[in-house]
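Report on the structure given below.
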Amino acid sequence: MTDSTPYLYQGARLRLREFGWRDVHALVQMHRDPRVRAHLADDVPLDDARVAHQFVENMQQFYRQHEGTGIWCAERAHPPEAEVLADALRAHACGEIDAVFLDALVQPRWSFCGWFSLVHLSDDLHTLEIGARLTPQAWGGTLALDGGEWLLEHAFRTLGQSHVLGHCSPTNRSAAHCLQVLGFQPQGLAPYNGGQALRFGLCQNGWAAWHAQPRRERQRAVLSTGR
């Protein structure tokens, strides 16, 4: 994989692409973090490099066999430090560097931060579910919402889905909150990967109406209902 790998989605803070071999180490490190493992709704041992390698190989086949769906590698942006940016702008103003070099200096640095997924349920091949798994360093911001909004746009508008599901561990309150900000309605506990998970559902019409509101208003609405 090279830096020319196409991105399915790229925003100011987040971008998504297909998984490649260079991502195996980052996958293993993420799944060795006990904070990540505490909220997993499956028991796939991706903390084992051999399993992570097989996961990437399977995904590369999956992308070709099931166009438009999959589990995609997520990268987050790290803007240049304020001091570096100020020095670059000063150097450009003084004629020490040209516009091309200035542009290179002010570009964000991107790093692995987990994954986002849009795949069919194992027991219902007609229904898609969205998902995300992020490194702890990416928690607490807006990345989950950024990626989730793209997943829903892709599911409803590009793939023409009538409804989408989401699942999370019963202990993962942050994930449940995120799903509800995205417009999902809770549907109680449901069987999931050999265990139990909280299930959430969202129909195309409900998504269109909910996302017509600014994100901040949607966040306030969810907080006000105590969901």
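Identifiers in this document derive from the order of the structure tokens: chains are assigned A, B, ..., residues are numbered from 1 separately in each chain, and ligands are numbered from 1 in order of occurrence.
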Please build the interface table for stretch 30-99 of chain A against stretch 119-130 of chain A with a cut-off of 10 Å, listing for each qualifying residue the nearest atom pair and the distance in Å to one decimal; count only C-alpha atoms, order rows by chain and increasing number, and write it as a tab-separated table.
residue	atom	partner	partner_atom	distance
A:His66	CA	A:Val119	CA	9.0
A:Gly68	CA	A:Val119	CA	9.2
A:Thr69	CA	A:Val119	CA	5.6
A:Gly70	CA	A:Val119	CA	5.5
A:Ile71	CA	A:Val119	CA	7.3
Could the residues in this selection be saved with N, CA, C and O atoms as a PDB file, in the first residue's frame?
ATOM      1  N   HIS A  66     -17.970  -7.856  -1.839  1.00  0.00           N
ATOM      2  CA  HIS A  66     -19.157  -7.163  -1.314  1.00  0.00           C
ATOM      3  C   HIS A  66     -18.942  -5.656  -1.455  1.00  0.00           C
ATOM      4  O   HIS A  66     -18.730  -4.944  -0.466  1.00  0.00           O
ATOM      5  N   GLY A  68     -18.921  -1.837  -1.571  1.00  0.00           N
ATOM      6  CA  GLY A  68     -19.639  -0.817  -0.817  1.00  0.00           C
ATOM      7  C   GLY A  68     -19.771  -1.110   0.654  1.00  0.00           C
ATOM      8  O   GLY A  68     -20.232  -0.252   1.408  1.00  0.00           O
ATOM      9  N   THR A  69     -19.401  -2.323   1.090  1.00  0.00           N
ATOM     10  CA  THR A  69     -19.468  -2.652   2.512  1.00  0.00           C
ATOM     11  C   THR A  69     -18.108  -3.147   2.971  1.00  0.00           C
ATOM     12  O   THR A  69     -17.231  -3.469   2.174  1.00  0.00           O
ATOM     13  N   GLY A  70     -17.933  -3.201   4.292  1.00  0.00           N
ATOM     14  CA  GLY A  70     -16.667  -3.690   4.821  1.00  0.00           C
ATOM     15  C   GLY A  70     -16.314  -3.041   6.147  1.00  0.00           C
ATOM     16  O   GLY A  70     -17.113  -2.301   6.738  1.00  0.00           O
ATOM     17  N   ILE A  71     -15.114  -3.343   6.614  1.00  0.00           N
ATOM     18  CA  ILE A  71     -14.527  -2.711   7.792  1.00  0.00           C
ATOM     19  C   ILE A  71     -13.335  -1.909   7.285  1.00  0.00           C
ATOM     20  O   ILE A  71     -12.425  -2.468   6.677  1.00  0.00           O
TER      21      ILE A  71
END
* **Neighbour list for A:Arg109 as a PyMOL selection string, cut-off 9 Å, only C-alpha atoms, skip fewer than 4 positions in-chain** => chain A and resi 76-80
* To do: Considering only C-alpha atoms, state which residue in the set A:Tyr63, A:Trp210, A:Trp72, A:Trp139 is at the smallest distance from A:Ala175.
  =>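 When distances to A:Ala175 are compared using only C-alpha atoms, the smallest one comes from A:Trp139.
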* Asked: Any idea what's packed within 10 Å of A:Ala38, counting only C-alpha atoms, ignoring anything in its chain fewer than 4 positions away? Could you give it as number ranges by chain?
  -> A: 33-34, 169, 171-172
Could those residues be written to a file, using C-alpha atoms, as an mmCIF file, in the first residue's frame?
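Once written, out21.cif looks like this:
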data_model
loop_
_atom_site.group_PDB
_atom_site.id
_atom_site.type_symbol
_atom_site.label_atom_id
_atom_site.label_comp_id
_atom_site.auth_asym_id
_atom_site.auth_seq_id
_atom_site.Cartn_x
_atom_site.Cartn_y
_atom_site.Cartn_z
ATOM 1 C CA ASP A 33 -5.170 -2.238 25.147
ATOM 2 C CA PRO A 34 -7.374 -3.387 28.067
ATOM 3 C CA SER A 169 -21.848 -3.741 24.640
ATOM 4 C CA THR A 171 -21.545 -1.472 29.420
ATOM 5 C CA ASN A 172 -20.517 0.941 26.663
#
* From the DSSP assignment of the backbone, select every residue of chain A that is strand (DSSP E or B), and format the answer as a ChimeraX atom specification. => /A:9-10,14-17,70-78,109-121,124-134,163-168,185-192,195-203
* **Neighbour list for A:Phe116 as a VMD selection string, cut-off 7 Å, only C-alpha atoms, skip fewer than 4 positions in-chain** => chain A and resid 71 to 74 131 to 133 147
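Take atom CA of A:Ala208 and atom CA of A:Asn193: the distance between them is 29.7 Å.
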* Shell around A:Glu149 at 7 Å using only C-alpha atoms, local window under 4 positions removed, as an MDAnalysis selection string -> chainID A and resid 145 153 182
Same residues, N, CA and C atoms, saved as an mmCIF file, in the first residue's frame:
data_model
loop_
_atom_site.group_PDB
_atom_site.id
_atom_site.type_symbol
_atom_site.label_atom_id
_atom_site.label_comp_id
_atom_site.auth_asym_id
_atom_site.auth_seq_id
_atom_site.Cartn_x
_atom_site.Cartn_y
_atom_site.Cartn_z
ATOM 1 N N LEU A 145 -18.768 10.381 15.660
ATOM 2 C CA LEU A 145 -19.911 10.992 14.968
ATOM 3 C C LEU A 145 -19.574 11.306 13.518
ATOM 4 N N GLU A 153 -24.842 8.033 5.593
ATOM 5 C CA GLU A 153 -25.001 8.639 4.263
ATOM 6 C C GLU A 153 -24.724 7.587 3.187
ATOM 7 N N LEU A 182 -26.702 9.930 16.490
ATOM 8 C CA LEU A 182 -26.797 9.647 15.058
ATOM 9 C C LEU A 182 -28.239 9.399 14.618
#
* Computed interatomic separation between atom CA of A:Phe62 and atom CA of A:Gln196 (Å) ->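 So the answer is 25.7 Å.
Of the residues under consideration (A:Ala52, A:Ala144, A:Val24, A:Leu8), A:Ala144 shows the shortest atom-to-atom contact distance to A:Ser174 when counting only C-alpha atoms.
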* Which distance in Å separates atom CA of A:His177 and atom CA of A:Phe200, to one decimal? -> 10.8 Å
